[in-house]
Amino acid sequence: MAAATAEIGKVTVSVRLSFEGDLYACRRPPGVVERVEAEALDLLSKGLFVSGIDTPVATVTGAAGHRFVQETAVFQAPDRWVYRGTCGVGASRNGLTLTGVLGYRLEVRACWARRAGECGPPTTAAEWCECFGAQLASIGGVVLRRASVLSLGTPP
């Protein structure tokens, strides 16, 4: 998983990206499995960048050249949009190659910061965009950082 949190004006924004599925990892020369898992997570999470978080079509890119294809965007009242799709992975670094297709879940959560006063939470997607859209639009993009451990499955 990768994540970032920022406070912009009176709004706190958190962005979380998680993956599900299996990747094929090949190590040349072969190495210790624990090391491969750590390196795989580093490679998978390298340079993850999210833009368009104020729109129904958020864009996710990665420095390793992953291909993200959004399939759905759902508003979950009162504070978040959840985007889901697939991510094609074909990346190599330092003798480690990762290939496969993962599912991804991108969660963009916005809420009033402490200094916003007594603002109530929005109840619809339209209200969410009205309340938080300007602040979110001011963000060109968000760089995500690695946040947890990846577990690689055994290839068939």
# chains A, B, ... in the order shown; residues from 1 in each chain; ligands from 1
call {"tool": "select_by_dssp", "arguments": {"residues": "chain A", "states": "strand (DSSP E)", "output": "PyMOL selection string"}}
result
chain A and resi 2-8+11-20+24-27+49-51+59-61+67-76+80-93+96-112+142-143+145-146
call {"tool": "residues_around", "arguments": {"residues": "Leu44 in chain A", "least_positions_apart": "4", "cutoff": "10 Å", "atoms": "only C-alpha atoms", "output": "ChimeraX atom specification"}}
result
/A:1-2,19,38-40,48,62-66,89-92,98,146,150
call {"tool": "closest_residue", "arguments": {"among": "A:Arg27, A:Arg109, A:Lys46, A:Arg80", "to": "Val15 in chain A", "atoms": "only C-alpha atoms"}}
result
A:Arg109
call {"tool": "atom_distance", "arguments": {"atom1": "CA of Thr59 in chain A", "atom2": "CA of Gly95 in chain A"}}
result
28.9 Å
call {"tool": "closest_residue", "arguments": {"among": "A:Phe68, A:Ile53, A:Val60, A:Pro121", "to": "Leu102 in chain A", "atoms": "only C-alpha atoms"}}
result
A:Phe68
call {"tool": "atom_distance", "arguments": {"atom1": "CA of Val108 in chain A", "atom2": "CA of Val13 in chain A"}}
result
7.1 Å
call {"tool": "atom_distance", "arguments": {"atom1": "CA of Ile8 in chain A", "atom2": "CA of Cys111 in chain A"}}
result
10.5 Å
call {"tool": "select_by_dssp", "arguments": {"residues": "chain A", "states": "alpha helix (DSSP H)", "output": "JSON, numbers by chain"}}
result
{"A": [33, 34, 35, 36, 37, 38, 39, 40, 41, 42, 43, 44, 45, 125, 126, 127, 128, 129, 130, 131, 132, 133, 134, 135, 136, 137]}
call {"tool": "closest_atom_pairs", "arguments": {"of": "range 40-116 of chain A", "to": "range 129-135 of chain A", "cutoff": "12 Å", "atoms": "only C-alpha atoms", "output": "tab-separated table"}}
result
residue	atom	partner	partner_atom	distance
A:Gly52	CA	A:Gly133	CA	10.5
A:Ile53	CA	A:Gly133	CA	8.8
A:Asp54	CA	A:Gly133	CA	5.5
A:Thr55	CA	A:Gly133	CA	8.3
A:Pro56	CA	A:Cys129	CA	9.8
A:Phe75	CA	A:Cys129	CA	10.3
A:Ala77	CA	A:Cys129	CA	11.7
A:Pro78	CA	A:Cys131	CA	11.3
A:Asp79	CA	A:Phe132	CA	9.7
A:Arg80	CA	A:Cys129	CA	10.4
A:Trp81	CA	A:Cys129	CA	10.2
A:Val108	CA	A:Phe132	CA	11.4
A:Arg109	CA	A:Phe132	CA	10.1
A:Ala110	CA	A:Phe132	CA	7.0
A:Cys111	CA	A:Phe132	CA	8.0
A:Trp112	CA	A:Phe132	CA	8.7
A:Ala113	CA	A:Phe132	CA	11.3
A:Ala116	CA	A:Cys131	CA	11.5
call {"tool": "write_last_selection", "arguments": {"atoms": "all heavy atoms", "output": "CSV table (one decimal), in the first residue's frame"}}
result
chain,number,residue,atom,x,y,z
A,52,GLY,N,-5.7,14.7,-10.5
A,52,GLY,CA,-7.2,14.7,-10.8
A,52,GLY,C,-8.0,14.2,-9.7
A,52,GLY,O,-9.1,13.7,-9.9
A,53,ILE,N,-7.6,14.4,-8.5
A,53,ILE,CA,-8.4,13.9,-7.3
A,53,ILE,C,-9.6,14.7,-7.1
A,53,ILE,O,-10.5,14.3,-6.3
A,53,ILE,CB,-7.5,13.8,-6.0
A,53,ILE,CG1,-7.0,15.1,-5.6
A,53,ILE,CG2,-6.4,12.8,-6.2
A,53,ILE,CD1,-6.3,15.1,-4.2
A,54,ASP,N,-9.9,15.8,-7.8
A,54,ASP,CA,-11.1,16.5,-7.7
A,54,ASP,C,-12.1,16.1,-8.8
A,54,ASP,O,-13.1,16.7,-9.0
A,54,ASP,CB,-10.8,18.0,-7.8
A,54,ASP,CG,-10.2,18.4,-9.2
A,54,ASP,OD1,-9.4,17.6,-9.7
A,54,ASP,OD2,-10.6,19.4,-9.7
A,55,THR,N,-11.8,15.0,-9.6
A,55,THR,CA,-12.6,14.6,-10.7
A,55,THR,C,-13.1,13.2,-10.5
A,55,THR,O,-12.5,12.4,-9.7
A,55,THR,CB,-11.9,14.7,-12.0
A,55,THR,OG1,-10.8,13.7,-12.0
A,55,THR,CG2,-11.2,16.1,-12.2
A,56,PRO,N,-14.1,12.7,-11.2
A,56,PRO,CA,-14.5,11.3,-11.2
A,56,PRO,C,-13.5,10.4,-11.9
A,56,PRO,O,-13.6,9.2,-11.8
A,56,PRO,CB,-15.8,11.3,-11.9
A,56,PRO,CG,-16.3,12.7,-12.0
A,56,PRO,CD,-15.0,13.6,-12.0
A,75,PHE,N,-18.8,7.3,-4.9
A,75,PHE,CA,-18.8,8.1,-3.7
A,75,PHE,C,-19.3,7.4,-2.5
A,75,PHE,O,-20.4,6.7,-2.6
A,75,PHE,CB,-19.6,9.4,-4.0
A,75,PHE,CG,-19.7,10.3,-2.8
A,75,PHE,CD1,-18.6,11.0,-2.4
A,75,PHE,CD2,-20.9,10.4,-2.1
A,75,PHE,CE1,-18.7,11.9,-1.3
A,75,PHE,CE2,-21.0,11.2,-1.0
A,75,PHE,CZ,-19.9,12.0,-0.6
A,77,ALA,N,-20.4,8.3,1.1
A,77,ALA,CA,-20.7,9.4,2.0
A,77,ALA,C,-20.2,9.1,3.4
A,77,ALA,O,-20.2,7.9,3.8
A,77,ALA,CB,-22.2,9.6,2.1
A,78,PRO,N,-19.7,10.1,4.1
A,78,PRO,CA,-19.7,11.5,3.8
A,78,PRO,C,-18.4,12.0,3.3
A,78,PRO,O,-18.4,13.2,2.9
A,78,PRO,CB,-20.0,12.1,5.2
A,78,PRO,CG,-19.2,11.3,6.1
A,78,PRO,CD,-19.4,9.9,5.6
A,79,ASP,N,-17.4,11.2,3.2
A,79,ASP,CA,-16.1,11.8,3.0
A,79,ASP,C,-15.1,11.2,1.9
A,79,ASP,O,-14.0,11.6,1.9
A,79,ASP,CB,-15.3,11.8,4.3
A,79,ASP,CG,-15.1,10.4,4.9
A,79,ASP,OD1,-15.5,9.4,4.2
A,79,ASP,OD2,-14.5,10.3,6.0
A,80,ARG,N,-15.6,10.3,1.1
A,80,ARG,CA,-14.6,9.7,0.2
A,80,ARG,C,-15.1,9.3,-1.2
A,80,ARG,O,-16.3,8.9,-1.3
A,80,ARG,CB,-13.9,8.5,0.9
A,80,ARG,CG,-14.7,7.3,1.0
A,80,ARG,CD,-14.1,6.3,2.0
A,80,ARG,NE,-14.2,6.9,3.3
A,80,ARG,CZ,-13.6,6.4,4.4
A,80,ARG,NH1,-12.8,5.4,4.3
A,80,ARG,NH2,-13.8,7.0,5.5
A,81,TRP,N,-14.2,9.3,-2.1
A,81,TRP,CA,-14.4,8.6,-3.4
A,81,TRP,C,-13.5,7.4,-3.4
A,81,TRP,O,-12.3,7.5,-3.0
A,81,TRP,CB,-13.9,9.6,-4.5
A,81,TRP,CG,-15.0,10.6,-4.9
A,81,TRP,CD1,-15.1,11.8,-4.4
A,81,TRP,CD2,-16.1,10.4,-5.8
A,81,TRP,NE1,-16.2,12.4,-5.0
A,81,TRP,CE2,-16.8,11.6,-5.9
A,81,TRP,CE3,-16.5,9.3,-6.6
A,81,TRP,CZ2,-17.9,11.7,-6.7
A,81,TRP,CZ3,-17.6,9.5,-7.4
A,81,TRP,CH2,-18.3,10.7,-7.5
A,108,VAL,N,-9.7,8.4,-2.0
A,108,VAL,CA,-9.4,9.8,-1.8
A,108,VAL,C,-10.4,10.3,-0.7
A,108,VAL,O,-11.7,10.3,-1.0
A,108,VAL,CB,-9.6,10.7,-3.1
A,108,VAL,CG1,-9.3,12.1,-2.8
A,108,VAL,CG2,-8.6,10.2,-4.1
A,109,ARG,N,-9.9,10.7,0.4
A,109,ARG,CA,-10.8,11.1,1.5
A,109,ARG,C,-10.5,12.6,1.8
A,109,ARG,O,-9.4,13.0,1.9
A,109,ARG,CB,-10.5,10.3,2.7
A,109,ARG,CG,-11.4,10.6,3.9
A,109,ARG,CD,-11.0,9.7,5.1
A,109,ARG,NE,-11.9,10.0,6.2
A,109,ARG,CZ,-11.7,9.6,7.4
A,109,ARG,NH1,-10.6,9.0,7.7
A,109,ARG,NH2,-12.6,9.9,8.3
A,110,ALA,N,-11.6,13.3,1.9
A,110,ALA,CA,-11.5,14.7,2.3
A,110,ALA,C,-12.4,15.0,3.4
A,110,ALA,O,-13.5,14.6,3.4
A,110,ALA,CB,-11.8,15.6,1.1
A,111,CYS,N,-11.9,15.8,4.4
A,111,CYS,CA,-12.8,16.2,5.5
A,111,CYS,C,-12.3,17.6,6.0
A,111,CYS,O,-11.2,18.0,5.6
A,111,CYS,CB,-12.7,15.2,6.6
A,111,CYS,SG,-11.1,14.8,7.3
A,112,TRP,N,-13.1,18.2,6.8
A,112,TRP,CA,-12.8,19.5,7.3
A,112,TRP,C,-11.7,19.4,8.3
A,112,TRP,O,-11.7,18.5,9.2
A,112,TRP,CB,-14.0,20.2,7.9
A,112,TRP,CG,-15.1,20.5,6.9
A,112,TRP,CD1,-16.3,19.9,6.9
A,112,TRP,CD2,-15.1,21.4,5.8
A,112,TRP,NE1,-17.1,20.4,5.8
A,112,TRP,CE2,-16.3,21.3,5.2
A,112,TRP,CE3,-14.1,22.2,5.3
A,112,TRP,CZ2,-16.6,22.0,4.0
A,112,TRP,CZ3,-14.4,23.0,4.2
A,112,TRP,CH2,-15.7,22.9,3.6
A,113,ALA,N,-10.7,20.2,8.2
A,113,ALA,CA,-9.6,20.3,9.2
A,113,ALA,C,-10.2,20.9,10.4
A,113,ALA,O,-11.2,21.5,10.4
A,113,ALA,CB,-8.4,21.1,8.6
A,116,ALA,N,-11.6,24.5,10.4
A,116,ALA,CA,-12.7,24.8,9.6
A,116,ALA,C,-14.0,25.2,10.4
A,116,ALA,O,-14.9,25.7,9.8
A,116,ALA,CB,-13.1,23.6,8.7
